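The next block is target_6.txt, given as compact mmCIF, C-alpha atoms.
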# COMPACT_ATOMS: atom_id res chain seq x y z
CA MET Q 1468 34.18 -8.81 -32.25
CA ASN Q 1469 37.23 -10.00 -30.39
CA ASP Q 1470 37.91 -13.68 -30.31
CA PRO Q 1471 38.78 -14.88 -26.82
CA THR Q 1472 41.36 -17.24 -28.25
CA GLN Q 1473 43.20 -14.23 -29.65
CA ASN Q 1474 43.20 -12.56 -26.22
CA PRO Q 1475 44.34 -15.31 -23.91
CA ILE Q 1476 45.48 -12.96 -21.18
CA ALA Q 1477 42.23 -11.09 -20.98
CA HIS Q 1478 40.15 -14.23 -21.30
CA GLY Q 1479 42.25 -16.03 -18.74
CA ALA Q 1480 42.04 -13.14 -16.31
CA ALA Q 1481 38.24 -13.21 -16.24
CA GLU Q 1482 38.08 -16.98 -15.89
CA GLU Q 1483 40.78 -16.97 -13.24
CA THR Q 1484 39.02 -14.39 -11.12
CA LEU Q 1485 35.67 -16.15 -11.31
CA ARG Q 1486 37.21 -19.53 -10.52
CA LEU Q 1487 39.05 -18.03 -7.58
CA ILE Q 1488 35.79 -16.79 -6.14
CA ALA Q 1489 34.05 -20.05 -6.96
CA ARG Q 1490 36.69 -21.98 -5.01
CA LEU Q 1491 36.46 -19.84 -1.89
CA SER Q 1492 35.92 -21.88 1.21
CA ALA Q 1493 32.80 -21.26 3.20
CA PRO Q 1494 33.30 -19.55 6.56
CA GLN Q 1495 33.72 -21.81 9.54
CA GLY Q 1496 30.59 -22.67 11.43
CA LEU Q 1497 28.32 -21.82 8.50
CA GLU Q 1498 26.41 -25.09 8.73
CA ASP Q 1499 25.85 -24.70 12.45
CA ARG Q 1500 24.62 -21.15 12.05
CA VAL Q 1501 22.28 -22.09 9.22
CA TYR Q 1502 20.95 -25.06 11.14
CA ALA Q 1503 20.51 -22.99 14.28
CA GLY Q 1504 18.69 -20.35 12.25
CA LEU Q 1505 16.31 -22.98 10.91
CA HIS Q 1506 15.56 -24.22 14.41
CA SER Q 1507 14.89 -20.73 15.72
CA ARG Q 1508 12.23 -20.12 13.09
CA PRO Q 1509 8.62 -19.71 14.24
CA ARG Q 1510 7.06 -23.14 14.48
CA ARG Q 1511 3.95 -23.89 12.52
CA GLY Q 1512 0.77 -24.71 14.38
CA ARG Q 1513 0.08 -28.23 15.52
CA ILE Q 1514 -3.20 -30.03 15.24
CA LEU Q 1515 -4.57 -30.76 18.67
CA SER Q 1516 -5.92 -34.22 19.15
CA TRP Q 1517 -8.89 -34.90 21.41
CA PRO Q 1518 -8.08 -36.82 24.58
CA ALA Q 1519 -11.04 -39.13 23.92
CA ALA Q 1520 -11.93 -39.28 20.28
CA PRO Q 1521 -15.61 -39.98 19.59
CA ARG Q 1522 -16.15 -43.41 18.11
CA LEU Q 1523 -18.28 -42.92 15.05
CA ASP Q 1524 -18.65 -46.57 14.17
CA SER Q 1525 -22.26 -46.66 13.09
CA SER Q 1526 -23.30 -45.01 9.87
CA TRP Q 1527 -26.33 -43.22 11.35
CA MET Q 1528 -24.11 -41.47 13.90
CA ARG Q 1529 -21.89 -40.24 11.13
CA SER Q 1530 -24.90 -39.04 9.21
CA ALA Q 1531 -26.23 -37.31 12.30
CA ALA Q 1532 -22.88 -35.66 12.95
CA ALA Q 1533 -22.67 -34.47 9.35
CA ALA Q 1534 -26.24 -33.18 9.51
CA ALA Q 1535 -25.47 -31.37 12.76
CA ILE Q 1536 -22.42 -29.71 11.20
CA VAL Q 1537 -24.43 -28.65 8.17
CA PHE Q 1538 -27.22 -27.34 10.42
CA VAL Q 1539 -24.82 -25.32 12.57
CA VAL Q 1540 -23.04 -23.85 9.57
CA ALA Q 1541 -26.28 -23.00 7.77
CA GLY Q 1542 -27.85 -21.59 10.92
CA GLY Q 1543 -24.85 -19.46 11.66
CA GLY Q 1544 -24.81 -18.18 8.12
CA TRP Q 1545 -28.51 -17.38 8.22
CA GLY Q 1546 -28.08 -15.60 11.56
CA ILE Q 1547 -25.33 -13.41 10.22
CA TYR Q 1548 -27.31 -12.75 7.05
CA SER Q 1549 -30.44 -11.76 8.91
CA ARG Q 1550 -28.51 -9.46 11.26
CA VAL Q 1551 -26.83 -7.76 8.40
CA GLN Q 1552 -30.12 -7.22 6.58
CA GLN Q 1553 -31.88 -5.37 9.45
CA PRO Q 1554 -29.98 -2.10 9.47
CA GLN Q 1555 -30.48 -1.73 5.75
CA ALA Q 1556 -34.29 -1.60 6.19
CA LYS Q 1557 -34.06 1.11 8.84
CA VAL Q 1558 -32.24 3.56 6.68
CA ILE Q 1559 -34.26 6.77 6.36
CA ALA Q 1560 -34.22 8.27 2.93
CA LEU Q 1561 -33.91 12.02 3.09
CA PRO Q 1562 -35.78 14.03 0.44
CA THR Q 1563 -33.57 15.53 -2.13
CA HIS Q 1564 -33.36 19.26 -2.21
CA VAL Q 1565 -34.96 20.50 -5.41
CA ALA Q 1566 -33.79 23.85 -6.65
CA ALA Q 1567 -36.38 26.41 -7.73
CA PRO Q 1568 -36.81 26.28 -11.49
CA GLY Q 1569 -35.59 29.31 -13.36
CA GLY Q 1570 -34.51 31.22 -10.32
CA PHE Q 1571 -31.26 31.81 -8.62
CA SER Q 1572 -29.71 28.99 -6.78
CA SER Q 1573 -29.92 28.96 -3.03
CA ALA Q 1574 -26.16 28.22 -2.81
CA GLY Q 1575 -26.91 25.37 -0.49
CA ALA Q 1576 -28.74 27.46 2.09
CA MET Q 1577 -31.58 25.68 3.85
CA ARG Q 1578 -34.86 27.45 4.43
CA THR Q 1579 -35.83 27.64 8.05
CA PRO Q 1580 -39.43 28.67 8.86
CA ASN Q 1581 -39.97 31.63 11.15
CA THR Q 1582 -40.98 30.31 14.47
CA LEU Q 1583 -43.92 32.01 16.25
CA ASN Q 1584 -43.22 33.88 19.44
CA GLY Q 1585 -44.49 31.87 22.28
CA PRO Q 1586 -46.78 33.35 24.98
CA VAL Q 1587 -44.98 35.50 27.48
CA LEU Q 1588 -46.31 34.47 30.83
CA ALA Q 1589 -45.33 37.57 32.80
CA HIS Q 1590 -47.25 39.88 30.46
CA THR Q 1591 -50.47 37.89 30.47
CA VAL Q 1592 -50.52 37.52 34.23
CA THR Q 1593 -50.33 41.30 34.75
CA ALA Q 1594 -53.02 41.88 32.10
CA GLN Q 1595 -55.43 39.50 33.81
CA LYS Q 1596 -54.73 41.16 37.11
CA LYS Q 1597 -55.49 44.56 35.58
CA GLN Q 1598 -58.75 43.24 34.09
CA VAL Q 1599 -59.86 41.50 37.25
CA LYS Q 1600 -59.15 44.33 39.71
CA PRO Q 1601 -61.60 46.93 38.42
CA ALA Q 1602 -64.42 44.40 38.18
CA ALA Q 1603 -64.01 43.43 41.81
CA LYS Q 1604 -63.61 46.89 43.22
CA THR Q 1605 -66.52 48.65 41.41
CA PRO Q 1606 -69.54 46.45 41.78
CA ALA Q 1607 -71.89 49.37 42.68
CA PRO Q 1608 -71.67 51.43 39.52
CA ALA Q 1609 -72.07 48.31 37.46
CA ALA Q 1610 -75.22 47.46 39.44
CA GLN Q 1611 -76.55 50.99 39.18
CA LYS Q 1612 -76.23 51.02 35.42
CA PRO Q 1613 -79.24 48.77 34.77
CA HIS Q 1614 -81.37 50.97 36.99
CA ARG Q 1615 -80.49 53.96 34.94
CA SER Q 1616 -81.06 52.21 31.75
CA VAL Q 1617 -84.23 50.44 32.84
CA ALA Q 1618 -86.15 53.62 33.54
CA PRO Q 1619 -85.89 55.13 30.07
CA SER Q 1620 -86.51 51.83 28.43
CA ALA Q 1621 -89.72 51.31 30.42
CA ALA Q 1622 -90.91 54.77 29.53
CA GLY Q 1623 -90.08 54.11 25.91
CA LYS Q 1624 -91.95 50.86 25.94
CA ALA Q 1625 -95.05 52.58 27.36
CA ALA Q 1626 -94.88 55.31 24.75
CA THR Q 1627 -94.67 52.81 21.92
CA GLN Q 1628 -97.59 50.81 23.31
CA ALA Q 1629 -99.71 53.99 23.48
CA ALA Q 1630 -98.80 54.90 19.94
CA THR Q 1631 -99.74 51.48 18.60
CA GLN Q 1632 -103.08 51.56 20.43
CA ALA Q 1633 -103.85 55.01 18.98
CA THR Q 1634 -102.97 54.04 15.41
CA ALA Q 1635 -104.80 50.70 15.45
CA PRO Q 1636 -108.45 52.00 15.43
CA ALA Q 1637 -107.54 54.58 12.85
CA ALA Q 1638 -106.37 51.83 10.58
CA LYS Q 1639 -109.49 49.82 11.17
CA MET C 1066 -20.38 -49.45 1.96
CA SER C 1067 -22.75 -47.01 0.32
CA ALA C 1068 -21.67 -43.85 -1.45
CA SER C 1069 -22.70 -41.57 1.43
CA GLN C 1070 -20.90 -43.78 3.90
CA ALA C 1071 -17.76 -43.61 1.80
CA VAL C 1072 -17.96 -39.81 1.66
CA PHE C 1073 -18.49 -39.48 5.38
CA ALA C 1074 -15.71 -41.94 6.06
CA GLY C 1075 -13.39 -39.66 4.14
CA TRP C 1076 -14.58 -36.60 6.05
CA MET C 1077 -14.47 -38.12 9.46
CA GLU C 1078 -11.14 -39.85 9.03
CA ILE C 1079 -9.07 -39.40 12.13
CA PRO C 1080 -5.59 -38.00 11.32
CA ASN C 1081 -2.43 -39.96 11.84
CA SER C 1082 -1.41 -40.61 15.35
CA ALA C 1083 1.09 -38.46 17.20
CA VAL C 1084 3.68 -41.22 16.95
CA THR C 1085 3.59 -41.15 13.14
CA ASP C 1086 3.81 -37.34 13.11
CA GLU C 1087 6.85 -37.38 15.34
CA ALA C 1088 8.58 -39.97 13.19
CA ARG C 1089 7.86 -37.99 10.06
CA THR C 1090 9.09 -34.77 11.67
CA ARG C 1091 12.27 -36.50 12.77
CA ALA C 1092 12.87 -37.83 9.26
CA GLU C 1093 12.37 -34.35 7.82
CA GLU C 1094 14.81 -32.89 10.32
CA GLU C 1095 17.41 -35.46 9.40
CA THR C 1096 16.96 -34.82 5.69
CA LEU C 1097 17.29 -31.10 6.25
CA ALA C 1098 20.39 -31.51 8.37
CA ALA C 1099 21.94 -33.64 5.65
CA LEU C 1100 21.16 -31.02 3.02
CA VAL C 1101 22.65 -28.26 5.15
CA SER C 1102 25.86 -30.11 5.85
CA GLN C 1103 26.24 -31.25 2.23
CA TYR C 1104 25.35 -28.17 0.23
CA SER C 1105 25.69 -25.08 2.41
CA GLY C 1106 29.28 -24.52 1.22
CA THR C 1107 28.33 -24.71 -2.45
CA LEU C 1108 25.36 -22.43 -1.92
CA TYR C 1109 27.55 -19.96 -0.04
CA ARG C 1110 30.03 -19.76 -2.91
CA VAL C 1111 27.27 -19.26 -5.46
CA ALA C 1112 25.79 -16.52 -3.34
CA PHE C 1113 29.14 -14.86 -2.73
CA SER C 1114 29.98 -14.82 -6.44
CA VAL C 1115 27.01 -12.55 -7.01
CA LEU C 1116 26.72 -10.57 -3.79
CA ARG C 1117 30.46 -10.38 -2.95
CA ASN C 1118 29.74 -9.92 0.71
CA PRO C 1119 30.14 -12.75 3.24
CA ALA C 1120 27.29 -11.67 5.50
CA ASP C 1121 24.87 -11.20 2.62
CA ALA C 1122 25.88 -14.55 1.15
CA GLU C 1123 25.27 -16.28 4.46
CA ASP C 1124 21.87 -14.65 4.75
CA ALA C 1125 21.01 -15.85 1.26
CA VAL C 1126 21.98 -19.42 2.20
CA GLN C 1127 19.82 -19.16 5.29
CA GLU C 1128 16.88 -17.93 3.25
CA ALA C 1129 17.35 -20.69 0.73
CA PHE C 1130 17.10 -23.36 3.41
CA LEU C 1131 14.07 -21.65 4.88
CA ARG C 1132 12.41 -21.98 1.49
CA VAL C 1133 13.40 -25.62 1.43
CA LEU C 1134 11.73 -26.00 4.80
CA ARG C 1135 8.53 -24.54 3.42
CA HIS C 1136 8.52 -27.09 0.59
CA ARG C 1137 9.71 -30.07 2.62
CA ASP C 1138 6.55 -31.98 1.82
CA THR C 1139 7.54 -32.06 -1.85
CA LEU C 1140 11.21 -32.76 -1.18
CA ASP C 1141 10.88 -36.36 -2.28
CA GLN C 1142 9.74 -35.29 -5.73
CA VAL C 1143 12.96 -33.33 -6.42
CA ARG C 1144 15.23 -35.23 -8.78
CA ASP C 1145 18.54 -33.39 -8.38
CA ARG C 1146 18.57 -31.66 -5.04
CA ARG C 1147 21.92 -29.96 -5.62
CA VAL C 1148 20.74 -28.21 -8.79
CA TRP C 1149 17.41 -27.46 -7.15
CA LEU C 1150 19.12 -25.80 -4.18
CA ILE C 1151 21.48 -23.84 -6.43
CA ARG C 1152 18.50 -22.63 -8.42
CA ILE C 1153 16.78 -21.46 -5.22
CA VAL C 1154 19.80 -19.57 -3.94
CA TRP C 1155 20.49 -18.19 -7.41
CA ASN C 1156 17.04 -16.65 -7.58
CA ILE C 1157 17.44 -15.24 -4.08
CA VAL C 1158 20.78 -13.59 -4.78
CA LEU C 1159 19.63 -12.18 -8.11
CA ASP C 1160 16.62 -10.66 -6.38
CA ARG C 1161 18.81 -9.17 -3.66
CA LYS C 1162 21.31 -7.86 -6.16
CA ARG C 1163 18.52 -6.22 -8.14
CA ARG C 1164 17.21 -4.47 -5.06
CA ALA C 1165 20.59 -3.43 -3.71
CA LYS C 1166 22.50 -0.51 -5.11
CA THR C 1167 25.44 -1.16 -7.37
CA ARG C 1168 28.54 -1.82 -5.32
CA PRO C 1169 31.43 0.51 -5.98
CA GLU C 1170 34.67 -1.08 -7.11
CA THR C 1171 36.47 0.10 -3.97
CA ASP C 1172 34.16 -2.06 -1.84
CA ASP C 1173 35.02 -5.08 -3.95
CA VAL C 1174 38.74 -4.38 -3.61
CA ALA C 1175 38.56 -4.21 0.16
CA GLU C 1176 36.38 -7.30 0.42
CA LEU C 1177 38.47 -9.36 -1.99
CA ALA C 1178 41.70 -8.39 -0.24
CA ARG C 1179 40.21 -9.75 2.94
CA VAL C 1180 38.69 -12.91 1.49
CA LEU C 1181 41.06 -14.14 -1.24
CA PRO C 1182 43.84 -16.57 -0.31
CA SER C 1183 47.06 -14.79 0.55
CA ASP C 1184 49.53 -17.58 1.25
CA GLY C 1185 53.11 -16.47 0.68
CA LEU C 1186 52.15 -13.01 -0.57
CA THR C 1187 53.20 -9.68 0.76
CA ALA C 1188 50.68 -7.06 1.74
CA GLU C 1189 51.45 -5.11 -1.41
CA GLN C 1190 50.92 -8.17 -3.60
CA ILE C 1191 47.65 -8.95 -1.86
CA ALA C 1192 46.43 -5.39 -2.42
CA SER C 1193 47.50 -5.49 -6.06
CA ALA C 1194 45.80 -8.84 -6.67
CA ALA C 1195 42.63 -7.62 -5.00
CA GLN C 1196 42.63 -4.52 -7.16
CA HIS C 1197 43.11 -6.61 -10.28
CA HIS C 1198 40.29 -9.02 -9.43
CA ALA C 1199 37.99 -6.17 -8.53
CA HIS C 1200 38.63 -4.58 -11.89
CA VAL C 1201 37.90 -7.85 -13.68
CA LEU C 1202 34.67 -8.20 -11.74
CA ALA C 1203 33.73 -4.65 -12.67
CA CYS C 1204 34.20 -5.55 -16.34
CA ILE C 1205 32.06 -8.67 -15.88
CA ASP C 1206 29.36 -6.53 -14.29
CA GLN C 1207 29.16 -4.55 -17.52
CA LEU C 1208 28.06 -7.63 -19.47
CA PRO C 1209 24.42 -8.16 -20.33
CA ALA C 1210 22.58 -10.09 -17.61
CA LYS C 1211 22.07 -13.27 -19.63
CA GLU C 1212 25.71 -13.59 -20.62
CA ARG C 1213 26.97 -12.57 -17.20
CA GLN C 1214 24.90 -15.20 -15.41
CA VAL C 1215 26.13 -18.00 -17.65
CA LEU C 1216 29.74 -16.89 -17.29
CA MET C 1217 29.53 -16.75 -13.51
CA LEU C 1218 27.89 -20.16 -13.19
CA SER C 1219 30.39 -21.70 -15.60
CA ALA C 1220 33.18 -20.86 -13.19
CA PHE C 1221 31.80 -23.42 -10.75
CA GLU C 1222 33.53 -26.64 -11.64
CA GLU C 1223 30.84 -28.73 -10.05
CA LEU C 1224 28.25 -27.43 -12.52
CA SER C 1225 28.03 -28.88 -16.01
CA SER C 1226 26.47 -27.04 -18.92
CA VAL C 1227 23.34 -29.19 -18.52
CA GLU C 1228 23.08 -28.22 -14.88
CA ILE C 1229 23.64 -24.55 -15.69
CA ALA C 1230 20.83 -24.83 -18.21
CA SER C 1231 18.65 -26.38 -15.55
CA VAL C 1232 19.45 -23.62 -13.04
CA LEU C 1233 18.72 -20.86 -15.52
CA GLY C 1234 15.79 -22.60 -17.15
CA ILE C 1235 17.21 -22.51 -20.65
CA THR C 1236 18.52 -25.07 -23.13
CA GLU C 1237 22.06 -26.37 -23.16
CA SER C 1238 22.74 -24.89 -26.59
CA SER C 1239 21.68 -21.47 -25.25
CA VAL C 1240 24.16 -21.89 -22.43
CA ARG C 1241 26.97 -22.57 -24.87
CA SER C 1242 26.15 -19.70 -27.18
CA ARG C 1243 25.76 -17.27 -24.28
CA LEU C 1244 29.01 -18.44 -22.78
CA PHE C 1245 30.82 -17.87 -26.06
CA ARG C 1246 29.35 -14.38 -26.36
CA ALA C 1247 30.20 -13.59 -22.74
CA ARG C 1248 33.82 -14.60 -23.17
CA ASN C 1249 34.13 -12.47 -26.27
CA LEU C 1250 32.57 -9.47 -24.60
CA VAL C 1251 34.61 -9.67 -21.42
CA ALA C 1252 37.82 -10.10 -23.40
CA GLY C 1253 36.98 -7.00 -25.38
CA LEU C 1254 36.24 -5.04 -22.23
CA LEU C 1255 39.47 -6.12 -20.55
CA ASN C 1256 41.54 -5.33 -23.64
CA HIS C 1257 39.94 -1.94 -23.84
CA SER C 1258 40.69 -1.22 -20.18
CA ARG C 1259 44.25 -2.48 -20.65
CA SER C 1260 44.79 -0.01 -23.44
CA THR C 1261 43.30 2.87 -21.46
CA HIS C 1262 44.57 1.92 -17.97
CA PRO C 1263 47.68 -0.20 -18.50
CA ARG C 1264 48.46 -0.63 -14.77
CA SER C 1265 45.11 -2.02 -13.83
CA LEU C 1266 45.61 -5.47 -15.37
CA ARG C 1267 49.21 -5.96 -14.58
Would you write the structure of this file as structure tokens?
Amino acid sequence: MNDPTQNPIAHGAAEETLRLIARLSAPQGLEDRVYAGLHSRPRRGRILSWPAAPRLDSSWMRSAAAAAIVFVVAGGGWGIYSRVQQPQAKVIALPTHVAAPGGFSSAGAMRTPNTLNGPVLAHTVTAQKKQVKPAAKTPAPAAQKPHRSVAPSAAGKAATQAATQATAPAAK
Amino acid sequence: MSASQAVFAGWMEIPNSAVTDEARTRAEEETLAALVSQYSGTLYRVAFSVLRNPADAEDAVQEAFLRVLRHRDTLDQVRDRRVWLIRIVWNIVLDRKRRAKTRPETDDVAELARVLPSDGLTAEQIASAAQHHAHVLACIDQLPAKERQVLMLSAFEELSSVEIASVLGITESSVRSRLFRARNLVAGLLNHSRSTHPRSLR
């Protein structure tokens, strides 16, 4: 390693340069600018003082004031806590989608049930009209039918009665 | 007075009056003004020795006093305010230097030619001197940080080795050993550059 005492020129050059810089005079007006910069800084907040400060001379008033502060703080905290708790209880838990065991995966597709076709009003109205119309217009044939059917049934009834009367003494 | 009364008395204590606050604020302002007028020049030179730019150095001084303003409540506890202020500005300029890109030597030449005293010198001599000093500073920049910092602070005549140790947060013996190493290294670098570029250190 070089000894600085053996290189006086080099050693002196470094020291000379650094001393030259260290002796430089500060620019004019530096103090004023720095001081002005400090005054233009954002001011910190001031504590406002009450125009009429409450006189808390007695001890019970101080206790009451402290209790009131504690009550307000605790009440506020409880209010916030209770409000925060409510939405958590209303959360609806959705059922988890269980894949069919052993089968193919549904690839995320949701099953939607086939909805039934609702009643078509126009169709039913025309059907009722078709059913009602013939009943209203043809009352006579419907009334004649029992007459036609009554006659053979009465004759049949008489024949069966005669047959039962004839077979009864024979059985006796 | 019972224990609860004592506690509540502490809680409910009314702060100092506005008159006391104003007096305290005025005293702080006066102290700060005295610090600015007394040490701004020294702080500027310390900042300029590292940053080598007048505007940056002035900004660093401004920032240093803003930090002082933040800690004005503890100002009475400071033993040596001059060393304390130099330490603040030293940390600021080192931080800025670390963040900034390395200055090219041509910038230093131009800045030194403008700043260095030029009484009785021709323009050519001023340019030559500026080039020489810029080259020396470039060699100093090649030193390791620890040695470089000690060497730069030792150039300030108003700082003793004890004060340099206080600024850097090291022992006085470390300052001496680092200074010795720094001088050796810079001499070697300058000799090497003399042998390779003979005109640069003329």
Give as a short mmCIF file (atom, residue, chain, number, x, y, z; two decimals) with C-alpha atoms, in the frame of the given file every residue of chain C that touches chain Q within 6 Å, counting only C-alpha atoms.
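Contents of out.cif, as written:
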data_model
loop_
_atom_site.label_atom_id
_atom_site.label_comp_id
_atom_site.auth_asym_id
_atom_site.auth_seq_id
_atom_site.Cartn_x
_atom_site.Cartn_y
_atom_site.Cartn_z
CA SER C 1102 25.86 -30.11 5.85
CA GLY C 1106 29.28 -24.52 1.22
CA ARG C 1110 30.03 -19.76 -2.91
CA GLN C 1127 19.82 -19.16 5.29
CA HIS C 1198 40.29 -9.02 -9.43
CA VAL C 1201 37.90 -7.85 -13.68
CA ALA C 1220 33.18 -20.86 -13.19
CA PHE C 1221 31.80 -23.42 -10.75
CA ASN C 1249 34.13 -12.47 -26.27
CA ALA C 1252 37.82 -10.10 -23.40
CA GLY C 1253 36.98 -7.00 -25.38
CA LEU C 1255 39.47 -6.12 -20.55
#
Computed gap from atom CA of Phe1113 of chain C to atom CA of Ser1507 of chain Q is 24.0 Å
Using all atoms listed in the file, which of the listed residues (C:Glu1237, C:Ala1165, C:Ser1114, C:Phe1130) sits closest to Val1180 of chain C?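 For Val1180 of chain C, the nearest of the given residues is C:Ser1114.
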* Please measure the separation of atom CA of Ser1226 of chain C and atom CA of Lys1211 of chain C, giving the value in Å to one decimal. =>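 That distance, rounded to one decimal, is 14.5 Å.
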Taking all atoms listed in the file into account, name the residue in C:Ile1153, C:Leu1134, C:Leu1140, C:Ala1199 that is nearest to Arg1117 of chain C.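 With all atoms listed in the file as the atom set, the closest residue is C:Ala1199.
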Would you list the contacts of Gln1207 of chain C as a tab-separated table (two decimals) with C-alpha atoms, in the frame of the given file, taking every protein, DNA or RNA residue within 10 Å and counting all atoms listed in the file, but skipping same-chain residues closer than 6 positions in sequence?
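New file around_19.tsv:
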chain	number	residue	atom	x	y	z
C	1213	ARG	CA	26.97	-12.57	-17.20
C	1250	LEU	CA	32.57	-9.47	-24.60
C	1251	VAL	CA	34.61	-9.67	-21.42
C	1254	LEU	CA	36.24	-5.04	-22.23
Separating atom CA of Asp1124 of chain C from atom CA of Arg1164 of chain C, to the nearest tenth of an Å, is a gap of 14.9 Å
For Val1115 of chain C, the closest of C:Glu1128, C:Glu1189, C:Asp1086, C:Asp1206 counting all atoms listed in the file is C:Asp1206
